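Trainee: Compact mmCIF, C-alpha atoms, saved as my_file09.txt, coming up:
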# COMPACT_ATOMS: atom_id res chain seq x y z
CA MET A 855 0.00 0.00 0.00
CA GLN A 856 2.92 2.34 0.47
CA ASP A 857 3.32 2.99 -3.27
CA LEU A 858 -0.37 3.81 -3.63
CA ALA A 859 -0.24 6.28 -0.73
CA GLN A 860 2.70 8.04 -2.41
CA GLN A 861 0.93 8.12 -5.78
CA LEU A 862 -2.27 9.55 -4.33
CA ASN A 863 -0.29 12.14 -2.41
CA PHE A 864 1.33 13.19 -5.71
CA ILE A 865 -2.07 13.38 -7.43
CA LEU A 866 -3.54 15.55 -4.69
CA GLU A 867 -0.47 17.81 -4.76
CA LEU A 868 -1.13 18.37 -8.49
CA ASP A 869 -4.38 20.14 -7.57
CA ARG A 870 -2.22 23.18 -6.83
CA LEU A 871 -1.35 23.67 -10.51
CA LYS A 872 -4.96 24.88 -10.92
CA ALA A 873 -3.97 27.91 -8.81
CA VAL A 874 -0.95 28.92 -10.94
CA TYR A 875 -2.08 31.70 -13.26
CA ARG A 876 -0.39 32.62 -16.55
CA LYS A 877 -0.28 35.85 -18.52
CA VAL A 878 -2.43 34.41 -21.33
CA MET A 879 -6.15 35.23 -21.08
CA VAL A 880 -9.08 32.80 -21.54
CA LYS A 881 -11.29 34.68 -23.97
CA SER A 882 -14.07 32.08 -23.62
CA ASP A 883 -14.37 32.62 -19.86
CA LYS A 884 -14.80 36.35 -19.28
CA ASN A 885 -11.21 36.99 -20.39
CA ARG A 886 -9.77 35.80 -17.07
CA GLN A 887 -6.16 34.58 -16.77
CA GLU A 888 -5.48 31.01 -17.80
CA ASN A 889 -4.14 28.56 -15.22
CA SER A 890 -1.36 26.10 -15.95
CA ALA A 891 -3.51 22.98 -15.47
CA GLU A 892 -6.03 23.87 -18.18
CA HIS A 893 -3.17 25.13 -20.38
CA SER A 894 -1.50 21.71 -20.06
CA TRP A 895 -4.70 20.03 -21.21
CA HIS A 896 -5.06 22.40 -24.15
CA ILE A 897 -1.52 21.91 -25.50
CA SER A 898 -1.88 18.13 -25.08
CA MET A 899 -4.90 18.36 -27.37
CA LEU A 900 -2.87 20.54 -29.76
CA ALA A 901 -0.20 17.83 -30.00
CA GLN A 902 -2.85 15.15 -30.53
CA THR A 903 -4.21 17.20 -33.44
CA LEU A 904 -1.08 18.63 -35.08
CA HIS A 905 1.47 15.79 -34.78
CA VAL A 906 0.62 14.92 -38.38
CA TYR A 907 2.70 17.94 -39.47
CA ALA A 908 5.97 16.72 -37.92
CA ALA A 909 8.56 16.32 -40.70
CA GLU A 910 10.07 13.36 -38.83
CA PRO A 911 7.36 11.34 -37.09
CA VAL A 912 7.06 11.96 -33.33
CA ASN A 913 5.90 9.56 -30.63
CA VAL A 914 2.60 11.23 -29.78
CA ALA A 915 2.22 9.34 -26.49
CA ARG A 916 5.61 10.58 -25.22
CA VAL A 917 4.95 14.10 -26.49
CA THR A 918 1.58 14.10 -24.71
CA THR A 919 3.07 12.92 -21.41
CA MET A 920 5.75 15.61 -21.66
CA LEU A 921 3.07 18.25 -22.15
CA LEU A 922 0.94 16.92 -19.29
CA ILE A 923 3.88 17.14 -16.87
CA HIS A 924 5.89 20.08 -18.26
CA ASP A 925 4.39 22.78 -16.01
CA ILE A 926 4.03 20.78 -12.78
CA VAL A 927 7.22 22.44 -11.49
CA GLU A 928 5.31 25.74 -11.45
CA ILE A 929 3.52 24.54 -8.31
CA ASP A 930 6.70 25.55 -6.46
CA ALA A 931 8.43 27.82 -8.97
CA GLY A 932 5.47 29.83 -10.29
CA ASP A 933 4.94 30.86 -13.89
CA THR A 934 7.43 33.21 -15.54
CA PHE A 935 6.34 35.24 -18.54
CA ALA A 936 7.98 33.78 -21.65
CA PHE A 937 9.28 37.24 -22.55
CA ALA A 938 10.69 38.15 -19.13
CA ALA A 939 14.29 39.42 -18.79
CA GLN A 940 17.00 36.78 -19.30
CA ALA A 941 18.23 37.00 -15.67
CA GLU A 942 14.74 36.18 -14.44
CA LEU A 943 14.46 33.25 -16.86
CA ASP A 944 17.83 31.88 -15.67
CA ALA A 945 16.84 32.08 -12.00
CA GLN A 946 13.61 30.30 -12.87
CA GLU A 947 15.55 27.35 -14.30
CA ALA A 948 17.23 26.53 -10.97
CA LYS A 949 13.96 26.86 -9.06
CA GLU A 950 12.25 24.51 -11.51
CA LEU A 951 14.87 21.79 -11.11
CA ASP A 952 14.39 21.85 -7.32
CA ALA A 953 10.65 21.73 -7.86
CA ALA A 954 10.91 18.74 -10.21
CA ASN A 955 12.90 16.81 -7.63
CA ARG A 956 10.49 17.64 -4.82
CA ILE A 957 7.21 17.05 -6.68
CA PHE A 958 8.09 14.05 -8.89
CA GLY A 959 9.95 12.82 -5.80
CA LEU A 960 6.59 12.30 -4.09
CA LEU A 961 6.16 9.26 -6.36
CA PRO A 962 7.67 5.79 -5.87
CA GLU A 963 11.31 5.70 -7.07
CA LYS A 964 10.71 4.19 -10.52
CA GLN A 965 7.94 6.61 -11.49
CA TYR A 966 9.93 9.50 -10.00
CA GLN A 967 12.90 8.73 -12.26
CA GLU A 968 10.69 8.22 -15.32
CA MET A 969 8.85 11.54 -14.92
CA LEU A 970 12.00 13.45 -13.98
CA ASN A 971 13.83 12.12 -17.04
CA LEU A 972 10.96 12.95 -19.34
CA TRP A 973 10.75 16.47 -17.89
CA LEU A 974 14.54 16.93 -18.31
CA GLU A 975 14.26 15.72 -21.91
CA PHE A 976 11.51 18.28 -22.54
CA GLU A 977 13.57 21.06 -20.98
CA ALA A 978 16.69 20.17 -22.97
CA ALA A 979 14.68 20.26 -26.23
CA GLU A 980 17.22 18.15 -28.08
CA THR A 981 15.21 15.08 -29.09
CA ASN A 982 12.59 15.30 -31.81
CA ASP A 983 9.79 14.50 -29.34
CA ALA A 984 10.94 17.24 -26.94
CA LYS A 985 11.31 19.80 -29.70
CA PHE A 986 7.82 19.07 -30.97
CA ALA A 987 6.36 19.25 -27.45
CA LYS A 988 8.11 22.57 -26.87
CA ALA A 989 6.77 23.89 -30.16
CA MET A 990 3.21 23.02 -29.10
CA ASP A 991 3.71 24.93 -25.83
CA ARG A 992 4.80 27.96 -27.86
CA VAL A 993 2.29 27.84 -30.70
CA LEU A 994 -0.85 27.82 -28.57
CA PRO A 995 -0.29 31.23 -26.90
CA LEU A 996 0.26 32.64 -30.41
CA LEU A 997 -3.09 31.23 -31.56
CA GLN A 998 -4.76 32.54 -28.41
CA ASN A 999 -3.24 36.02 -28.73
CA MET A 1000 -4.20 36.22 -32.41
CA LYS A 1001 -7.83 35.51 -31.48
CA ASN A 1002 -7.74 37.99 -28.64
CA ASP A 1003 -6.58 41.31 -30.17
CA GLY A 1004 -2.95 40.58 -29.36
CA GLY A 1005 -3.69 39.40 -25.81
CA SER A 1006 -0.61 39.16 -23.59
CA TRP A 1007 1.69 40.43 -26.39
CA ALA A 1008 -0.12 43.72 -26.76
CA LYS A 1009 -0.49 44.12 -23.00
CA HIS A 1010 3.24 43.62 -22.32
CA ASN A 1011 4.79 45.32 -25.41
CA VAL A 1012 6.36 42.17 -26.79
CA ARG A 1013 8.64 42.48 -29.85
CA LYS A 1014 8.27 40.60 -33.14
CA SER A 1015 11.89 39.37 -32.90
CA GLU A 1016 11.14 37.75 -29.51
CA VAL A 1017 8.16 35.83 -30.86
CA ILE A 1018 10.16 34.69 -33.88
CA ALA A 1019 13.05 33.52 -31.68
CA ARG A 1020 10.57 31.58 -29.56
CA ASN A 1021 8.76 29.88 -32.42
CA ASN A 1022 11.39 29.31 -35.13
CA LEU A 1023 12.22 25.86 -33.80
CA LEU A 1024 9.20 24.90 -35.93
CA ASP A 1025 11.31 25.66 -39.03
CA GLY A 1026 12.48 22.24 -40.21
CA LEU A 1027 10.54 20.44 -37.45
CA ALA A 1028 7.12 21.11 -39.00
CA PRO A 1029 7.59 23.38 -42.02
CA LYS A 1030 3.90 23.84 -42.76
CA LEU A 1031 3.24 25.01 -39.22
CA TRP A 1032 6.22 27.34 -39.34
CA THR A 1033 4.92 28.96 -42.55
CA TYR A 1034 1.57 29.54 -40.87
CA VAL A 1035 3.12 30.91 -37.66
CA ALA A 1036 5.47 33.26 -39.56
CA GLU A 1037 2.46 34.66 -41.44
CA GLN A 1038 0.56 35.18 -38.20
CA ILE A 1039 3.51 37.07 -36.68
CA GLU A 1040 3.54 39.46 -39.66
CA LEU A 1041 -0.19 39.94 -39.28
CA ALA A 1042 0.23 40.72 -35.58
CA VAL A 1043 2.76 43.43 -36.44
CA GLU A 1044 0.37 44.90 -39.03
CA ASN A 1045 -2.38 44.95 -36.40
CA GLY A 1046 -0.11 46.73 -33.92
CA TRP A 1047 -0.12 43.78 -31.47
CA LEU A 1048 3.66 43.21 -31.68
CA LEU A 1049 6.37 45.86 -31.80
CA ASN A 1050 8.08 45.85 -35.22
CA GLU A 1051 11.62 45.30 -33.90
CA MET B 477 -3.93 24.54 -45.88
CA GLN B 478 -7.60 23.61 -45.54
CA ASP B 479 -6.89 20.81 -43.04
CA LEU B 480 -4.77 23.09 -40.87
CA ALA B 481 -7.49 25.76 -40.81
CA GLN B 482 -9.99 23.13 -39.63
CA GLN B 483 -7.61 21.82 -36.97
CA LEU B 484 -6.86 25.29 -35.59
CA ASN B 485 -10.55 26.10 -35.55
CA PHE B 486 -11.11 22.94 -33.46
CA ILE B 487 -8.29 23.88 -31.07
CA LEU B 488 -9.67 27.39 -30.56
CA GLU B 489 -13.17 25.97 -29.99
CA LEU B 490 -11.72 23.82 -27.18
CA ASP B 491 -10.96 27.02 -25.24
CA ARG B 492 -14.63 26.98 -24.25
CA LEU B 493 -14.17 23.88 -22.07
CA LYS B 494 -12.37 26.19 -19.63
CA ALA B 495 -15.72 27.88 -19.03
CA VAL B 496 -17.64 24.68 -18.16
CA TYR B 497 -17.78 24.43 -14.38
CA ARG B 498 -18.31 21.21 -12.43
CA LYS B 499 -19.71 20.54 -8.97
CA VAL B 500 -16.30 19.50 -7.60
CA MET B 501 -14.40 22.26 -5.79
CA VAL B 502 -10.70 23.15 -6.20
CA LYS B 503 -9.49 23.28 -2.62
CA SER B 504 -6.07 24.62 -3.71
CA ASP B 505 -7.59 27.69 -5.38
CA LYS B 506 -9.88 29.37 -2.84
CA ASN B 507 -12.32 26.45 -3.06
CA ARG B 508 -13.76 27.63 -6.38
CA GLN B 509 -15.57 25.24 -8.75
CA GLU B 510 -13.37 23.11 -11.00
CA ASN B 511 -13.66 23.50 -14.77
CA SER B 512 -13.73 20.56 -17.16
CA ALA B 513 -10.45 21.47 -18.91
CA GLU B 514 -8.31 21.33 -15.77
CA HIS B 515 -10.26 18.25 -14.63
CA SER B 516 -9.35 16.51 -17.91
CA TRP B 517 -5.67 17.27 -17.29
CA HIS B 518 -5.86 15.98 -13.73
CA ILE B 519 -7.46 12.63 -14.59
CA SER B 520 -4.99 12.18 -17.45
CA MET B 521 -2.23 12.48 -14.84
CA LEU B 522 -4.13 10.04 -12.62
CA ALA B 523 -4.13 7.46 -15.42
CA GLN B 524 -0.43 8.04 -16.10
CA THR B 525 0.27 7.33 -12.43
CA LEU B 526 -2.18 4.52 -11.58
CA HIS B 527 -2.21 2.39 -14.76
CA VAL B 528 0.23 0.07 -13.00
CA TYR B 529 -2.70 -1.25 -10.92
CA ALA B 530 -4.71 -2.51 -13.91
CA ALA B 531 -5.21 -6.27 -13.53
CA GLU B 532 -5.04 -6.67 -17.31
CA PRO B 533 -2.55 -4.20 -18.82
CA VAL B 534 -4.11 -1.13 -20.42
CA ASN B 535 -2.80 0.95 -23.31
CA VAL B 536 -1.92 4.12 -21.39
CA ALA B 537 -1.67 6.25 -24.52
CA ARG B 538 -5.22 5.34 -25.60
CA VAL B 539 -6.56 5.76 -22.05
CA THR B 540 -4.91 9.20 -21.86
CA THR B 541 -6.38 10.34 -25.17
CA MET B 542 -9.82 9.15 -24.06
CA LEU B 543 -9.49 11.20 -20.88
CA LEU B 544 -8.24 14.28 -22.73
CA ILE B 545 -11.27 14.23 -25.05
CA HIS B 546 -13.99 12.71 -22.84
CA ASP B 547 -15.52 15.99 -21.64
CA ILE B 548 -15.20 18.05 -24.82
CA VAL B 549 -18.89 17.40 -25.54
CA GLU B 550 -19.71 19.51 -22.46
CA ILE B 551 -18.86 22.63 -24.50
CA ASP B 552 -22.35 22.21 -26.01
CA ALA B 553 -24.05 19.88 -23.53
CA GLY B 554 -22.82 21.32 -20.22
CA ASP B 555 -21.80 19.30 -17.19
CA THR B 556 -24.39 17.14 -15.45
CA PHE B 557 -23.83 16.19 -11.83
CA ALA B 558 -22.90 12.50 -11.68
CA PHE B 559 -25.65 11.92 -9.09
CA ALA B 560 -28.44 13.75 -10.95
CA ALA B 561 -31.84 12.05 -11.54
CA GLN B 562 -31.81 9.28 -14.17
CA ALA B 563 -34.11 11.20 -16.57
CA GLU B 564 -31.66 14.08 -16.59
CA LEU B 565 -28.72 11.73 -17.21
CA ASP B 566 -30.59 10.10 -20.13
CA ALA B 567 -31.38 13.45 -21.75
CA GLN B 568 -27.73 14.40 -21.37
CA GLU B 569 -26.66 11.36 -23.39
CA ALA B 570 -28.48 12.50 -26.53
CA LYS B 571 -27.17 16.06 -26.21
CA GLU B 572 -23.61 14.74 -25.87
CA LEU B 573 -23.82 12.66 -29.04
CA ASP B 574 -24.92 15.74 -31.01
CA ALA B 575 -22.08 17.69 -29.42
CA ALA B 576 -19.51 15.02 -30.32
CA ASN B 577 -20.60 15.15 -33.96
CA ARG B 578 -20.51 18.93 -34.10
CA ILE B 579 -17.21 19.50 -32.26
CA PHE B 580 -15.10 16.56 -33.46
CA GLY B 581 -16.73 17.30 -36.84
CA LEU B 582 -14.74 20.54 -36.98
CA LEU B 583 -11.68 18.36 -37.72
CA PRO B 584 -10.69 16.86 -41.08
CA GLU B 585 -12.66 13.66 -41.76
CA LYS B 586 -10.04 11.13 -40.64
CA GLN B 587 -9.33 12.82 -37.31
CA TYR B 588 -13.06 13.40 -36.79
CA GLN B 589 -13.76 9.67 -37.14
CA GLU B 590 -10.81 8.70 -34.92
CA MET B 591 -11.81 11.03 -32.08
CA LEU B 592 -15.51 10.21 -32.38
CA ASN B 593 -14.79 6.48 -32.25
CA LEU B 594 -12.52 6.85 -29.24
CA TRP B 595 -15.15 8.94 -27.46
CA LEU B 596 -17.85 6.37 -28.28
CA GLU B 597 -15.59 3.60 -26.96
CA PHE B 598 -15.11 5.56 -23.72
CA GLU B 599 -18.85 6.11 -23.35
CA ALA B 600 -19.69 2.44 -23.99
CA ALA B 601 -17.17 1.37 -21.30
CA GLU B 602 -16.88 -2.14 -22.69
CA THR B 603 -13.19 -2.40 -23.60
CA ASN B 604 -10.56 -2.66 -20.91
CA ASP B 605 -9.05 0.71 -21.89
CA ALA B 606 -12.44 2.45 -21.72
CA LYS B 607 -13.31 0.88 -18.37
CA PHE B 608 -10.02 1.97 -16.89
CA ALA B 609 -10.41 5.50 -18.28
CA LYS B 610 -13.93 5.69 -16.85
CA ALA B 611 -12.65 4.48 -13.48
CA MET B 612 -10.07 7.29 -13.43
CA ASP B 613 -12.82 9.84 -14.13
CA ARG B 614 -14.74 8.48 -11.14
CA VAL B 615 -11.91 7.97 -8.65
CA LEU B 616 -10.55 11.51 -8.76
CA PRO B 617 -13.70 13.27 -7.47
CA LEU B 618 -13.68 10.74 -4.60
CA LEU B 619 -10.09 11.65 -3.73
CA GLN B 620 -10.93 15.36 -4.01
CA ASN B 621 -14.05 15.07 -1.84
CA MET B 622 -12.18 13.07 0.80
CA LYS B 623 -9.60 15.86 1.06
CA ASN B 624 -12.29 18.53 1.18
CA ASP B 625 -14.62 17.54 4.06
CA GLY B 626 -16.92 15.62 1.73
CA GLY B 627 -16.97 18.37 -0.93
CA SER B 628 -19.72 17.96 -3.52
CA TRP B 629 -21.07 14.79 -1.81
CA ALA B 630 -21.78 16.54 1.47
CA LYS B 631 -23.17 19.62 -0.28
CA HIS B 632 -25.63 17.61 -2.41
CA ASN B 633 -26.63 14.82 0.05
CA VAL B 634 -25.20 11.98 -1.99
CA ARG B 635 -25.82 8.40 -0.82
CA LYS B 636 -23.17 5.75 -0.15
CA SER B 637 -24.95 3.31 -2.50
CA GLU B 638 -24.67 5.82 -5.37
CA VAL B 639 -20.92 6.22 -4.90
CA ILE B 640 -20.45 2.45 -4.70
CA ALA B 641 -22.48 1.93 -7.89
CA ARG B 642 -20.35 4.55 -9.63
CA ASN B 643 -16.98 3.15 -8.55
CA ASN B 644 -17.41 -0.61 -8.36
CA LEU B 645 -16.27 -1.08 -11.94
CA LEU B 646 -12.83 -0.99 -10.30
CA ASP B 647 -13.61 -4.37 -8.72
CA GLY B 648 -11.81 -6.87 -10.95
CA LEU B 649 -10.36 -4.11 -13.14
CA ALA B 650 -7.89 -2.87 -10.51
CA PRO B 651 -8.53 -4.79 -7.27
CA LYS B 652 -6.04 -2.86 -5.16
CA LEU B 653 -7.63 0.45 -6.12
CA TRP B 654 -11.10 -0.93 -5.45
CA THR B 655 -10.07 -2.01 -1.94
CA TYR B 656 -8.77 1.49 -1.26
CA VAL B 657 -11.86 3.20 -2.70
CA ALA B 658 -14.25 0.95 -0.74
CA GLU B 659 -12.42 1.86 2.47
CA GLN B 660 -12.64 5.56 1.67
CA ILE B 661 -16.39 5.28 1.07
CA GLU B 662 -16.84 3.73 4.53
CA LEU B 663 -14.74 6.49 6.03
CA ALA B 664 -16.87 9.13 4.28
CA VAL B 665 -20.00 7.60 5.84
CA GLU B 666 -18.37 7.62 9.30
CA ASN B 667 -17.49 11.29 8.79
CA GLY B 668 -21.07 12.12 7.82
CA TRP B 669 -20.10 13.13 4.26
CA LEU B 670 -22.21 10.43 2.58
CA LEU B 671 -25.70 9.32 3.59
CA ASN B 672 -25.63 5.74 4.94
CA GLU B 673 -28.16 4.33 2.50
Please express what this file holds, its structure, as structure tokens.
Mentor:
Amino acid sequence: MQDLAQQLNFILELDRLKAVYRKVMVKSDKNRQENSAEHSWHISMLAQTLHVYAAEPVNVARVTTMLLIHDIVEIDAGDTFAFAAQAELDAQEAKELDAANRIFGLLPEKQYQEMLNLWLEFEAAETNDAKFAKAMDRVLPLLQNMKNDGGSWAKHNVRKSEVIARNNLLDGLAPKLWTYVAEQIELAVENGWLLNE
Amino acid sequence: MQDLAQQLNFILELDRLKAVYRKVMVKSDKNRQENSAEHSWHISMLAQTLHVYAAEPVNVARVTTMLLIHDIVEIDAGDTFAFAAQAELDAQEAKELDAANRIFGLLPEKQYQEMLNLWLEFEAAETNDAKFAKAMDRVLPLLQNMKNDGGSWAKHNVRKSEVIARNNLLDGLAPKLWTYVAEQIELAVENGWLLNE
């Protein structure tokens, strides 16, 4: 029974991700901030739908698990805006590693190692699966902002070059998606939602 | 490009699941109601963690996809309390089938059929994967209510027999989980959170 107690403790701890709020707004729900739990669901669905565009086939099951777990560290480390200053992003990295060890460490040893390794693979973004998962995490806010008059971009004066740097891992990985995203970025500049620099 | 436009339209439509609120409360976030998007993430994580207890091995990837999509129909049909009157539950079934056809129907034909069939398999709860997925959807509210002074059970005068009827598909499917759940139900009665009938 000890394993089960650990697993259920982990599951109940996950409830706290529903209280971590992101900069992106949920247009469908009175334009409130989005939390990281519902975001994780949404990008998992994005991967389930768009994996067909991967130039080299990805393992959708692994990509999905990466996306389900990728933000769990925010329970301890909080969410950092993707376009925050580099020093803040670097500090976040160390906090997230501690968080991964604490939270995945609630699980029995074998599951702890499996989830930690998958999370590290996602963070490193070197394998094809991890790159594709990371791309999904980056494309969805773009789609949401485009449907929401620029959303968090417009509100926080984000630059075109920052959005390109964040999304151009799609180039080569899923060329058709990259073409679409690049067009959307130009459109956002035209609409005044991104700074043209 | 037509397929991609359909897929992105589907993904943006999914945003609306974040505005469908359930009876279960999120204790970690000021005890507000839980929405169906974050719930879908949480039970997907439950399946990823507890699949090891399945008496006959389940395909975790299929179970996870079922759980990610199982509540999407609520965008049109709304959430019905699990312990509502039978007539209400029956009416809900027809509304959900219409919703599945409309919402999965936003996708290109092949993906539409794949998601519809997986959703129908989940609803029928005849295959091992579907039974296990359904069990996950039923176990989590129990765990949440037990951590929250009876939560939605206590608030809506739910009976012990109803919770047993809803969870006893675990018996045989995952005996160790069923033993745990049966114990928790007894404890809920002792605590006055479930009616002893």
Trainee: Output as an MDAnalysis selection string the set of chain A residues within 6 Å of chain B, with distances taken over all atoms listed in the file.
Mentor: chainID A and resid 870 873 882:883 891:892 895 915
Trainee: Out of A:Met990, A:Ala941, A:Ala936, A:Ala954, which residue has the shortest atom-to-atom distance to Trp973 in chain A when counting all atoms listed in the file?
Mentor: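 Counting all atoms listed in the file, the residue closest to Trp973 in chain A is A:Ala954.
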Trainee: Just to confirm, what's the straight-line distance from CA of Tyr497 in chain B to CA of Gly554 in chain B in Å (one decimal)?
Mentor: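 Between CA of Tyr497 in chain B and CA of Gly554 in chain B the gap is 8.3 Å.
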Trainee: Quick one: residues within 10 Å of Val665 in chain B, all atoms listed in the file, excluding same-chain residues fewer than 5 positions away - as a PyMOL selection string?
Mentor: chain B and resi 626+635-636+660+670-673
Trainee: With C-alpha atoms retained, export the selected residues as a PDB file, in the frame of the given file.
Mentor:
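Wrote again.pdb, looks like this:
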ATOM      1  CA  GLY B 626     -16.920  15.620   1.730  1.00  0.00           C
ATOM      2  CA  ARG B 635     -25.820   8.400  -0.820  1.00  0.00           C
ATOM      3  CA  LYS B 636     -23.170   5.750  -0.150  1.00  0.00           C
ATOM      4  CA  GLN B 660     -12.640   5.560   1.670  1.00  0.00           C
ATOM      5  CA  LEU B 670     -22.210  10.430   2.580  1.00  0.00           C
ATOM      6  CA  LEU B 671     -25.700   9.320   3.590  1.00  0.00           C
ATOM      7  CA  ASN B 672     -25.630   5.740   4.940  1.00  0.00           C
ATOM      8  CA  GLU B 673     -28.160   4.330   2.500  1.00  0.00           C
TER       9      GLU B 673
END
Trainee: Work out how far CA of Leu1023 in chain A is from CA of Ala909 in chain A, in Å to one decimal.
Mentor: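 About the pair CA of Ala909 in chain A and CA of Leu1023 in chain A: they are 12.3 Å apart.
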Trainee: What is the distance, in Å and to one decimal place, between CA of Ala984 in chain A and CA of Arg956 in chain A?
Mentor: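 Computing the Euclidean distance for CA of Ala984 in chain A and CA of Arg956 in chain A yields 22.1 Å.
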Trainee: Contacts of Lys571 in chain B at 9 Å or less, counting all atoms listed in the file, minus same-chain residues fewer than 4 places along, as number ranges by chain?
Mentor: B: 549, 552-553, 567, 575-576
Trainee: Which residues come within 8 Å of Asp983 in chain A, counting all atoms listed in the file, excluding same-chain residues fewer than 3 positions away, as an MDAnalysis selection string?
Mentor: chainID A and resid 912:914 916:917 976 986:987
Trainee: Show me, as number ranges by chain, the residues that have an atom within 12 Å of Asn999 in chain A when counting all atoms listed in the file, minus same-chain residues fewer than 4 positions from it.
Mentor: A: 877-881, 885, 992-995, 1003-1010, 1012, 1017, 1038-1039, 1041-1042, 1045, 1047-1048; B: 488
Trainee: Which residue, B:Leu582, B:Ala560, B:Leu649, B:Met542, has the smallest gap to Leu596 in chain B when you use all atoms listed in the file?
Mentor: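 Checking each candidate against Leu596 in chain B, we get B:Met542 as the closest.
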